[in-house]
Each structure stands twice: as C-alpha cells, then as structure tokens.
$ cat run-v5.cif   # mmCIF, C-alpha atoms
data_my_file
#
loop_
_atom_site.label_atom_id
_atom_site.label_comp_id
_atom_site.auth_asym_id
_atom_site.auth_seq_id
_atom_site.Cartn_x
_atom_site.Cartn_y
_atom_site.Cartn_z
CA MET F 1 0.00 0.00 0.00
CA SER F 2 1.29 3.46 -0.91
CA LYS F 3 1.93 5.83 1.96
CA VAL F 4 0.70 8.92 0.09
CA SER F 5 -1.99 9.36 -2.56
CA VAL F 6 -1.50 12.32 -4.90
CA ILE F 7 -4.79 13.38 -6.51
CA VAL F 8 -4.67 15.45 -9.70
CA PRO F 9 -7.88 16.63 -11.47
CA ILE F 10 -7.17 17.34 -15.14
CA TYR F 11 -9.10 19.28 -17.76
CA ASN F 12 -7.60 20.68 -20.98
CA VAL F 13 -4.15 21.60 -19.65
CA GLU F 14 -1.93 20.10 -22.35
CA GLU F 15 0.39 23.12 -22.22
CA TYR F 16 1.21 22.66 -18.52
CA LEU F 17 0.51 19.01 -17.71
CA GLU F 18 3.95 17.57 -18.43
CA ALA F 19 5.63 19.97 -16.01
CA CYS F 20 3.07 19.10 -13.34
CA LEU F 21 3.45 15.33 -13.75
CA ASN F 22 7.25 15.51 -13.93
CA SER F 23 7.28 17.33 -10.61
CA ILE F 24 5.24 14.50 -9.06
CA ILE F 25 6.96 11.43 -10.51
CA SER F 26 10.39 12.85 -9.64
CA GLN F 27 9.60 13.10 -5.93
CA THR F 28 12.40 11.94 -3.64
CA PHE F 29 9.74 10.05 -1.65
CA ARG F 30 8.85 7.07 -3.84
CA GLU F 31 6.04 5.27 -1.95
CA ILE F 32 3.19 7.15 -3.58
CA GLU F 33 0.26 6.48 -5.86
CA ILE F 34 -0.64 9.12 -8.43
CA ILE F 35 -4.34 9.34 -9.28
CA LEU F 36 -5.08 11.33 -12.43
CA ILE F 37 -8.75 12.16 -13.03
CA ASN F 38 -9.37 13.12 -16.64
CA ASP F 39 -12.42 15.39 -16.43
CA GLY F 40 -13.48 15.03 -20.06
CA SER F 41 -10.47 16.74 -21.62
CA THR F 42 -10.76 17.44 -25.34
CA ASP F 43 -7.14 18.41 -25.96
CA ARG F 44 -3.97 16.26 -25.72
CA SER F 45 -4.17 15.94 -21.93
CA HIS F 46 -5.35 12.31 -22.00
CA GLU F 47 -2.61 11.36 -24.45
CA ILE F 48 0.00 12.91 -22.14
CA MET F 49 -1.45 11.06 -19.14
CA LYS F 50 -1.29 7.73 -20.95
CA ARG F 51 2.31 8.32 -21.96
CA PHE F 52 3.32 8.99 -18.37
CA ALA F 53 1.32 6.00 -17.07
CA GLU F 54 3.11 3.66 -19.48
CA LYS F 55 6.43 4.66 -17.92
CA ASP F 56 5.37 4.84 -14.26
CA LYS F 57 3.21 2.07 -12.78
CA ARG F 58 2.32 4.25 -9.80
CA ILE F 59 -0.01 6.25 -12.04
CA LEU F 60 -3.72 5.43 -12.23
CA ILE F 61 -5.95 7.19 -14.77
CA ILE F 62 -9.68 7.68 -14.16
CA ASN F 63 -11.75 8.99 -17.06
CA GLN F 64 -15.07 10.78 -16.66
CA GLN F 65 -17.28 13.17 -18.58
CA ASN F 66 -16.67 16.83 -17.82
CA LYS F 67 -18.32 17.34 -14.43
CA GLY F 68 -16.02 19.85 -12.76
CA VAL F 69 -13.10 19.78 -10.37
CA SER F 70 -15.17 18.89 -7.29
CA VAL F 71 -16.49 15.70 -8.86
CA ALA F 72 -13.00 14.84 -10.10
CA ARG F 73 -11.45 15.30 -6.67
CA ASN F 74 -14.21 13.24 -5.06
CA ARG F 75 -13.52 10.41 -7.51
CA GLY F 76 -9.89 10.58 -6.50
CA LEU F 77 -10.75 10.50 -2.79
CA LEU F 78 -12.88 7.40 -3.21
CA LYS F 79 -10.11 5.61 -5.12
CA ALA F 80 -7.19 6.63 -2.90
CA LEU F 81 -5.49 4.01 -0.70
CA GLY F 82 -2.64 6.01 0.82
CA GLU F 83 -2.29 6.85 4.49
CA TYR F 84 -2.02 10.54 3.57
CA LEU F 85 -3.51 12.67 0.80
CA LEU F 86 -2.06 15.50 -1.25
CA PHE F 87 -3.91 17.43 -3.97
CA VAL F 88 -2.09 19.03 -6.89
CA ASP F 89 -3.73 21.11 -9.62
CA SER F 90 -2.71 20.07 -13.11
CA ASP F 91 -1.25 23.43 -14.17
CA ASP F 92 0.96 23.82 -11.09
CA THR F 93 4.09 22.09 -9.76
CA ILE F 94 5.58 20.98 -6.45
CA LEU F 95 9.20 20.92 -5.27
CA PRO F 96 11.10 17.59 -5.65
CA ASN F 97 11.30 16.96 -1.87
CA THR F 98 7.72 18.01 -1.11
CA ILE F 99 6.22 14.68 -0.13
CA GLU F 100 9.31 13.49 1.74
CA ILE F 101 9.26 16.56 3.98
CA LEU F 102 5.48 16.61 4.46
CA TYR F 103 5.29 12.90 5.27
CA ASN F 104 8.25 12.86 7.64
CA GLN F 105 7.01 15.94 9.48
CA SER F 106 3.50 14.50 9.82
CA VAL F 107 4.83 11.24 11.25
CA LYS F 108 7.20 13.10 13.57
CA MET F 109 4.43 15.36 14.90
CA HIS F 110 1.77 12.60 14.99
CA CYS F 111 -0.67 14.98 13.31
CA ASP F 112 -3.62 14.20 11.10
CA LEU F 113 -3.36 17.52 9.27
CA LEU F 114 -0.24 19.42 8.27
CA LEU F 115 -0.44 22.82 6.57
CA GLY F 116 2.30 23.80 4.17
CA ASP F 117 2.81 26.99 2.19
CA VAL F 118 2.55 28.31 -1.36
CA VAL F 119 4.28 30.78 -3.64
CA TYR F 120 2.23 32.60 -6.30
CA ILE F 121 4.05 33.09 -9.60
CA ASN F 122 2.58 35.53 -12.11
CA SER F 123 3.06 35.59 -15.88
CA ASN F 124 6.16 37.78 -15.51
CA GLY F 125 7.80 35.35 -13.11
CA LYS F 126 7.27 37.57 -10.06
CA LYS F 127 6.86 35.58 -6.83
CA VAL F 128 4.48 36.46 -4.01
CA PHE F 129 4.33 34.72 -0.64
CA PRO F 130 0.78 35.35 0.64
CA TYR F 131 0.94 33.73 4.09
CA LYS F 132 3.45 35.23 6.51
CA ARG F 133 3.26 33.18 9.71
CA ASN F 134 4.70 33.71 13.16
CA ASN F 135 7.26 30.92 13.35
CA ASP F 136 7.67 31.28 17.12
CA VAL F 137 3.99 30.48 17.61
CA TYR F 138 3.36 27.91 14.91
CA ASN F 139 6.36 25.77 14.11
CA GLN F 140 6.78 22.47 15.94
CA THR F 141 3.48 22.78 17.82
CA LEU F 142 0.33 20.67 17.84
CA MET F 143 -3.11 22.24 18.08
CA SER F 144 -6.67 21.05 17.57
CA GLY F 145 -8.25 22.04 14.27
CA THR F 146 -10.81 24.31 15.96
CA LYS F 147 -8.13 26.23 17.86
CA ARG F 148 -5.93 26.35 14.76
CA LEU F 149 -8.74 27.78 12.64
CA VAL F 150 -9.48 30.49 15.20
CA LYS F 151 -5.81 31.43 15.48
CA LEU F 152 -5.20 31.50 11.74
CA MET F 153 -8.36 33.54 11.15
CA GLU F 154 -7.29 36.02 13.83
CA ASP F 155 -3.95 36.45 12.05
CA ASN F 156 -5.60 36.54 8.61
CA THR F 157 -3.41 33.63 7.49
CA PHE F 158 -5.92 30.81 7.05
CA PRO F 159 -5.30 29.28 3.60
CA PRO F 160 -8.52 28.05 1.94
CA LEU F 161 -6.34 26.14 -0.53
CA VAL F 162 -6.79 22.40 -0.75
CA TYR F 163 -3.26 21.77 -2.04
CA LEU F 164 -1.78 23.10 1.22
CA PHE F 165 -3.57 20.41 3.25
CA PHE F 166 -1.47 17.28 3.77
CA VAL F 167 -4.07 15.19 5.52
CA LYS F 168 -4.70 11.66 6.70
CA ARG F 169 -7.12 9.84 4.45
CA GLU F 170 -8.73 8.32 7.54
CA LEU F 171 -9.75 11.80 8.74
CA ILE F 172 -11.45 12.57 5.42
CA MET F 173 -13.24 9.25 5.03
CA ASN F 174 -14.34 8.90 8.67
CA ASN F 175 -15.95 12.33 8.52
CA GLN F 176 -17.11 12.05 4.88
CA ILE F 177 -15.56 15.39 3.93
CA PHE F 178 -16.18 15.59 0.20
CA PHE F 179 -16.17 18.56 -2.14
CA LYS F 180 -19.42 20.39 -2.84
CA GLU F 181 -20.22 19.58 -6.45
CA GLY F 182 -21.50 21.93 -9.14
CA ILE F 183 -19.64 25.01 -7.85
CA ILE F 184 -16.23 26.64 -7.81
CA HIS F 185 -14.58 28.14 -4.71
CA GLU F 186 -15.22 24.71 -3.23
CA ASP F 187 -11.90 24.95 -1.37
CA GLU F 188 -13.38 27.59 0.93
CA LEU F 189 -15.82 25.05 2.34
CA TRP F 190 -13.75 21.87 2.22
CA CYS F 191 -10.76 23.40 4.00
CA ILE F 192 -12.83 24.70 6.91
CA ASN F 193 -14.71 21.40 7.26
CA THR F 194 -11.42 19.50 7.27
CA MET F 195 -9.83 21.83 9.80
CA LEU F 196 -12.78 21.56 12.20
CA CYS F 197 -12.65 17.75 12.11
CA ALA F 198 -8.88 17.50 12.70
CA LYS F 199 -7.75 16.54 16.21
CA LYS F 200 -4.04 17.29 15.78
CA THR F 201 -2.77 19.92 13.36
CA SER F 202 0.60 21.48 12.73
CA LEU F 203 2.09 24.13 10.45
CA LEU F 204 5.26 23.88 8.40
CA ASP F 205 7.23 26.84 7.10
CA PHE F 206 7.77 25.18 3.71
CA CYS F 207 6.74 26.81 0.41
CA TYR F 208 6.53 23.65 -1.66
CA TYR F 209 3.63 24.54 -3.95
CA ASN F 210 4.20 26.64 -7.09
CA TYR F 211 0.88 28.23 -8.01
CA PHE F 212 1.03 29.77 -11.47
CA GLN F 213 -1.37 32.67 -11.95
CA ARG F 214 -2.58 32.31 -15.52
CA ASN F 215 -4.90 34.67 -17.40
CA GLY F 216 -7.02 31.84 -18.76
CA SER F 217 -7.68 30.06 -15.47
CA LEU F 218 -11.21 29.56 -14.20
CA MET F 219 -10.74 31.97 -11.30
CA ASN F 220 -9.49 34.66 -13.68
CA SER F 221 -12.15 34.05 -16.33
CA ASP F 222 -15.08 36.28 -17.14
CA ASN F 223 -17.62 33.82 -15.76
CA LYS F 224 -18.19 36.03 -12.75
CA LEU F 225 -21.88 35.23 -12.30
CA PHE F 226 -20.99 31.57 -11.77
CA ARG F 227 -18.42 32.63 -9.19
CA ILE F 228 -21.01 34.79 -7.40
CA ASN F 229 -23.54 31.96 -7.29
CA SER F 230 -20.88 29.51 -6.11
CA LEU F 231 -19.73 31.83 -3.33
CA PHE F 232 -23.32 32.24 -2.15
CA VAL F 233 -23.69 28.45 -1.96
CA VAL F 234 -20.48 28.30 0.10
CA VAL F 235 -21.79 31.06 2.40
CA LYS F 236 -25.03 29.18 3.10
CA GLU F 237 -23.10 25.98 3.85
CA LEU F 238 -20.76 27.86 6.17
CA ASN F 239 -23.78 29.34 7.93
CA LYS F 240 -24.96 25.79 8.66
CA ILE F 241 -21.58 25.12 10.26
CA GLY F 242 -21.91 28.33 12.27
CA VAL F 243 -25.35 27.29 13.54
CA ASN F 244 -23.97 23.89 14.52
CA MET F 245 -21.05 25.49 16.36
CA LYS F 246 -23.49 27.75 18.23
CA LYS F 247 -25.39 24.71 19.43
CA LYS F 248 -22.12 23.24 20.72
CA GLY F 249 -21.26 26.50 22.51
CA LYS F 250 -18.06 27.07 20.51
CA ILE F 251 -18.48 30.83 20.23
CA ASP F 252 -14.86 31.53 19.27
CA VAL F 253 -15.26 29.24 16.26
CA VAL F 254 -18.63 30.86 15.47
CA GLY F 255 -16.91 34.23 15.29
CA SER F 256 -14.27 32.91 12.90
CA ILE F 257 -16.92 31.34 10.67
CA TYR F 258 -18.95 34.55 10.40
CA ALA F 259 -15.86 36.66 9.85
CA LYS F 260 -15.15 34.36 6.91
CA ILE F 261 -18.75 34.56 5.69
CA PHE F 262 -18.73 38.36 5.60
CA GLY F 263 -15.35 38.30 3.90
CA LEU F 264 -17.03 36.25 1.16
CA PHE F 265 -19.85 38.81 1.03
CA PHE F 266 -17.20 41.38 0.13
CA MET F 267 -16.02 39.12 -2.71
CA ILE F 268 -19.61 38.67 -3.91
CA SER F 269 -20.20 42.43 -3.86
CA ARG F 270 -16.98 43.13 -5.75
CA LEU F 271 -17.82 40.61 -8.47
CA SER F 272 -21.41 41.92 -8.68
CA THR F 273 -20.08 45.45 -9.14
CA GLU F 274 -17.72 44.28 -11.88
CA ILE F 275 -20.64 42.86 -13.90
CA GLY F 276 -22.83 45.88 -13.18
CA GLU F 277 -25.41 44.16 -11.00
CA GLN F 278 -26.91 45.00 -7.62
CA SER F 279 -27.92 41.92 -5.67
CA PHE F 280 -30.69 42.87 -3.25
CA GLU F 281 -31.18 39.17 -2.42
CA HIS F 282 -27.62 38.95 -1.14
CA LYS F 283 -27.91 42.26 0.74
CA LYS F 284 -31.05 41.09 2.59
CA TYR F 285 -29.50 37.71 3.42
CA PHE F 286 -26.34 39.19 4.91
CA SER F 287 -28.23 41.94 6.76
CA ASN F 288 -30.36 39.33 8.50
CA LEU F 289 -27.28 37.20 9.20
CA LEU F 290 -25.54 40.13 10.87
CA LYS F 291 -28.58 41.01 12.98
CA ASP F 292 -29.05 37.41 14.12
CA ASN F 293 -25.44 36.79 15.14
CA TYR F 294 -23.88 40.13 16.03
CA HIS F 295 -24.68 39.89 19.75
CA LEU F 296 -23.01 36.47 20.02
CA LEU F 297 -19.64 37.57 18.69
CA SER F 298 -16.60 38.92 20.46
CA TYR F 299 -15.73 42.56 19.81
CA PRO F 300 -12.94 41.76 17.27
CA HIS F 301 -15.27 39.42 15.35
CA GLN F 302 -18.07 42.02 15.47
CA GLN F 303 -15.72 44.58 13.96
CA ALA F 304 -14.47 42.16 11.30
CA CYS F 305 -18.03 41.28 10.21
CA LEU F 306 -19.22 44.89 10.39
CA THR F 307 -16.29 46.22 8.39
CA SER F 308 -16.77 43.67 5.60
CA TYR F 309 -20.51 44.31 5.60
CA ARG F 310 -20.09 48.08 5.33
CA PHE F 311 -17.53 47.92 2.54
CA SER F 312 -19.70 45.40 0.69
CA CYS F 313 -22.68 47.77 0.87
CA ILE F 314 -20.53 50.70 -0.25
CA GLN F 315 -19.37 48.72 -3.29
CA GLN F 316 -22.95 47.95 -4.23
CA ARG F 317 -24.19 51.46 -3.30
CA PHE F 318 -26.63 50.01 -0.80
CA LYS F 319 -27.94 51.94 2.16
CA ILE F 320 -26.23 50.61 5.27
CA VAL F 321 -28.95 49.49 7.67
CA ILE F 322 -28.21 47.25 10.65
#

$ encode --input "run-v5.cif" --output "structure tokens"
Amino acid sequence: MSKVSVIVPIYNVEEYLEACLNSIISQTFREIEIILINDGSTDRSHEIMKRFAEKDKRILIINQQNKGVSVARNRGLLKALGEYLLFVDSDDTILPNTIEILYNQSVKMHCDLLLGDVVYINSNGKKVFPYKRNNDVYNQTLMSGTKRLVKLMEDNTFPPLVYLFFVKRELIMNNQIFFKEGIIHEDELWCINTMLCAKKTSLLDFCYYNYFQRNGSLMNSDNKLFRINSLFVVVKELNKIGVNMKKKGKIDVVGSIYAKIFGLFFMISRLSTEIGEQSFEHKKYFSNLLKDNYHLLSYPHQQACLTSYRFSCIQQRFKIVI
C-alpha cells in the first residue's frame, strides 16, 4: 500500500501538464500512488497522461465526462489508498522533496493535518508569498483544528487552498468530507470542514507549492456570475456550520466562521459590481445574518463582520442598515 496518494484533477491543460506530472513522478519520496482524473479533456491531456502511465506504474488514470473539479477530486478520494492525501492542480508544480518533507514531518508530529505553504508566480515570473506566519507560535506545535482555525483567522493567514492540506485519508473518510459539487470556490468550504474535524494539526514553514497565476484560469475568467452563485452556496453551507457550532457553545469558532462569511460577502459584492449588478437578495440575506449573530460575537469578530458588511454595501451602493 502506498503511503501517500496524490490526486490530480485534469481538464484541458496540455500546455502545462507535463511539467506538473514531472514534478510529481520525480519526488524523492517514492512510496506514492498518483491518481489522475481526466475530467473530459478534449485536448492532448489524455494522451499525455497515458504516456506517463506507461512509464510509471504508480499512475492510475480515471476517465469521466466533464463534471467539474469537485467531482474529479471526489472520484480521487474514493479511489485513494494512501495513508495521507495531497492534492495538486494540473497546471501547477511541487518541489522535488515536497512529499518526503510533508510525510516525515506528519509522522514526527503525529498529526492528522499538516499545513504547508505556497508561492504565487505571475506571468512575468514575479513571486508572491501570501501567508506570513509567526514561526515562534506555529512551528513544531500541535493544536486542535478548531483552535488552529481560530488562530489563523485572527492572524488573517488561514489558507482556503486544498493543495496546502497534507491530511490523513482516515480523517477525510471517517468524517465524509467531500467537495461540494456543481460550484467553484469549493476549497473555501472543504478546507474549513477539514480543519474543524482534525484533532491534531501542525504548520510547516515550507513553500513547496508553485501556483502559477494564468490569465485563462477559471478563477481569472469572465464567468463572474458563476463565481457569485458559487460563493453564495459556500456562504449558506458555512452558515450551517456556524449554527452547529453555536449549538455546541463554541463561540470563538462561530466568530471565525462569520468573519469568513462576511469576507465572502465582500467578494460577492466586488464581483457583482464588476458585472454591473446589484444583488438585493444577497444584501437582505447578509443583513439578517448580521442582525441574528452580532450579539453572540466577540468585539474583534463584530468589527471584522461589520467592516466587511459596510464595505460590501458601499461597493454595491446600498444603504447601510443594521
């Protein structure tokens, strides 16, 4: 049995796929299985996958009709046999010693979730490191997922990026943490669900993931209405989590969840403004959400939610009524 399952959803990325797969098969840690989910590609992506699979028996190809990245990742989760899971997007790369370091650190710390780091690389080759963490606080420490989420949210360094989660497969399967299908921005929901279910988490100051910011990517595309609708789905699912946390009396987690929710409201408002639409449905929903939960939150969380709410209304030229 492989110790690590690497799950790669693939759709029409022939220009970048070879670099991605080379970065995975050349890992210094060899005890891995590589699950490639072909999400109905119409370019040469499938041909490239087959060529790599012929040379490396660790590669498994799963073909499906185009159903989106969430469905593809879920297929990979159900097929995976490794003790740990790592997701890689098919137009990005990882460093050669990525899995060796992540696996050894996870075993050393006895954690079920290890968070790594990412570097963003734009079309001009400029590198940006988005998550600056306090090494004195985070490195070499174990913390429950709920406490970790609260702390990261307080520091504005929580990464809703699935490829930064090196996680035990047992944690995912025991809690049935699958990706919400039919939307994008699914990472926002999956990462929080995974964090809240983790018993032992740790952080690693290791920028192993090379995220290439490309003009043609889905997140940079003009399909902004789909992004708005997807974000609203994520918000409603996060609200369910917030309600559940309230019932359990975990008010610090509730505050973090609603701070995140109103941060997503700001994203929704920005995208709505960019397409020239005012969404009164969204405004009413978030107004009611703020009224219902404001009194439960700590002062910092109240201010975080209120600030995002106000700026969202200003973007949409809504009257601010609380």

$ atom_distance --input "run-v5.cif" --atom1 "atom CA of Ser269 of chain F" --atom2 "atom CA of His185 of chain F"
15.4 Å

$ residues_around --input "run-v5.cif" --residues "segment 193-207 of chain F" --least-positions-apart "5" --cutoff "8 Å" --atoms "only C-alpha atoms" --output "VMD selection string"
chain F and resid 109 to 119 133 135 138 to 146 148 to 149 171 to 172 175 177

$ residues_around --input "run-v5.cif" --residues "Leu78 of chain F" --least-positions-apart "5" --cutoff "12 Å" --atoms "only C-alpha atoms" --output "VMD selection string"
chain F and resid 5 7 35 37 62 71 to 73 85 169 to 170 172 to 173 176 to 179

$ closest_residue --input "run-v5.cif" --among "F:Gln302, F:Leu271, F:Lys147, F:Asp155" --to "Tyr131 of chain F" --atoms "only C-alpha atoms"
F:Asp155

$ residues_around --input "run-v5.cif" --residues "Gly82 of chain F" --least-positions-apart "4" --cutoff "9 Å" --atoms "all atoms listed in the file" --output "JSON, numbers by chain"
{"F": [1, 2, 3, 4, 5, 6, 32, 33, 168, 169]}

$ atom_distance --input "run-v5.cif" --atom1 "atom CA of Asn293 of chain F" --atom2 "atom CA of Ile261 of chain F"
11.8 Å

$ atom_distance --input "run-v5.cif" --atom1 "atom CA of Gly76 of chain F" --atom2 "atom CA of Val234 of chain F"
21.7 Å

$ resolve_selection --input "run-v5.cif" --expression "the PyMOL selection byres ((chain F and resi 181) around 8)" --output "short mmCIF file (atom, residue, chain, number, x, y, z; two decimals) with C-alpha atoms, in the coordinates of the input"
data_model
loop_
_atom_site.label_atom_id
_atom_site.label_comp_id
_atom_site.auth_asym_id
_atom_site.auth_seq_id
_atom_site.Cartn_x
_atom_site.Cartn_y
_atom_site.Cartn_z
CA GLY F 68 -16.02 19.85 -12.76
CA SER F 70 -15.17 18.89 -7.29
CA VAL F 71 -16.49 15.70 -8.86
CA PHE F 179 -16.17 18.56 -2.14
CA LYS F 180 -19.42 20.39 -2.84
CA GLY F 182 -21.50 21.93 -9.14
CA ILE F 183 -19.64 25.01 -7.85
CA GLU F 186 -15.22 24.71 -3.23
#

$ resolve_selection --input "run-v5.cif" --expression "the PyMOL selection byres ((chain F and resi 29) around 7)" --output "ChimeraX atom specification"
/F:27-28,30-31,99-100

$ closest_residue --input "run-v5.cif" --among "F:Leu296, F:Glu188, F:Phe265, F:Phe232" --to "Met245 of chain F" --atoms "all atoms listed in the file"
F:Leu296

$ closest_residue --input "run-v5.cif" --among "F:Val8, F:Gly255, F:Tyr16, F:Asp89" --to "Tyr294 of chain F" --atoms "all atoms listed in the file"
F:Gly255

$ resolve_selection --input "run-v5.cif" --expression "the PyMOL selection byres ((chain F and resi 305-315) around 9)" --output "count of residues only"
31

$ closest_atom_pairs --input "run-v5.cif" --of "segment 82-104 of chain F" --to "segment 20-26 of chain F" --cutoff "10 Å" --atoms "all atoms listed in the file" --output "CSV"
residue,atom,partner,partner_atom,distance
F:Val88,CA,F:Cys20,CA,8.3
F:Asp89,CA,F:Cys20,CA,8.0
F:Ser90,CA,F:Cys20,CA,5.9
F:Asp91,CA,F:Cys20,CA,6.2
F:Asp92,CA,F:Cys20,CA,5.6
F:Thr93,CA,F:Cys20,CA,4.8
F:Ile94,CA,F:Ser23,CA,5.8
F:Leu95,CA,F:Ser23,CA,6.7
F:Pro96,CA,F:Ser26,CA,6.2
F:Asn97,CA,F:Ser26,CA,8.8
F:Thr98,CA,F:Ile24,CA,9.0
F:Ile99,CA,F:Ile24,CA,9.0

$ residues_around --input "run-v5.cif" --residues "segment 41-49 of chain F" --least-positions-apart "4" --cutoff "8 Å" --atoms "all atoms listed in the file" --output "number ranges by chain"
F: 10-14, 17-18, 36, 53, 61, 66

$ write_last_selection --input "run-v5.cif" --atoms "C-alpha atoms" --output "PDB file, in the frame of the given file"
ATOM      1  CA  ILE F  10      -7.170  17.340 -15.140  1.00  0.00           C
ATOM      2  CA  TYR F  11      -9.100  19.280 -17.760  1.00  0.00           C
ATOM      3  CA  ASN F  12      -7.600  20.680 -20.980  1.00  0.00           C
ATOM      4  CA  VAL F  13      -4.150  21.600 -19.650  1.00  0.00           C
ATOM      5  CA  GLU F  14      -1.930  20.100 -22.350  1.00  0.00           C
ATOM      6  CA  LEU F  17       0.510  19.010 -17.710  1.00  0.00           C
ATOM      7  CA  GLU F  18       3.950  17.570 -18.430  1.00  0.00           C
ATOM      8  CA  LEU F  36      -5.080  11.330 -12.430  1.00  0.00           C
ATOM      9  CA  ALA F  53       1.320   6.000 -17.070  1.00  0.00           C
ATOM     10  CA  ILE F  61      -5.950   7.190 -14.770  1.00  0.00           C
ATOM     11  CA  ASN F  66     -16.670  16.830 -17.820  1.00  0.00           C
TER      12      ASN F  66
END

$ closest_residue --input "run-v5.cif" --among "F:Ser106, F:Asp187, F:Asp292, F:Leu81" --to "Val69 of chain F" --atoms "all atoms listed in the file"
F:Asp187

$ axis_aligned_box --input "run-v5.cif" --around "segment 92-105 of chain F" --padding-each-side "6 Å" --output "lines of an AutoDock Vina configuration file"
center_x = 6.1
center_y = 18.3
center_z = -0.8
size_x = 22.3
size_y = 23.0
size_z = 32.6

$ residues_around --input "run-v5.cif" --residues "Phe226 of chain F" --least-positions-apart "3" --cutoff "9 Å" --atoms "only C-alpha atoms" --output "list in words"
Ile183, Ile184, Asn223, Asn229, Ser230 and Leu231 of chain F

$ closest_residue --input "run-v5.cif" --among "F:Gln278, F:Tyr103, F:Val150, F:Val162" --to "Val254 of chain F" --atoms "all atoms listed in the file"
F:Val150
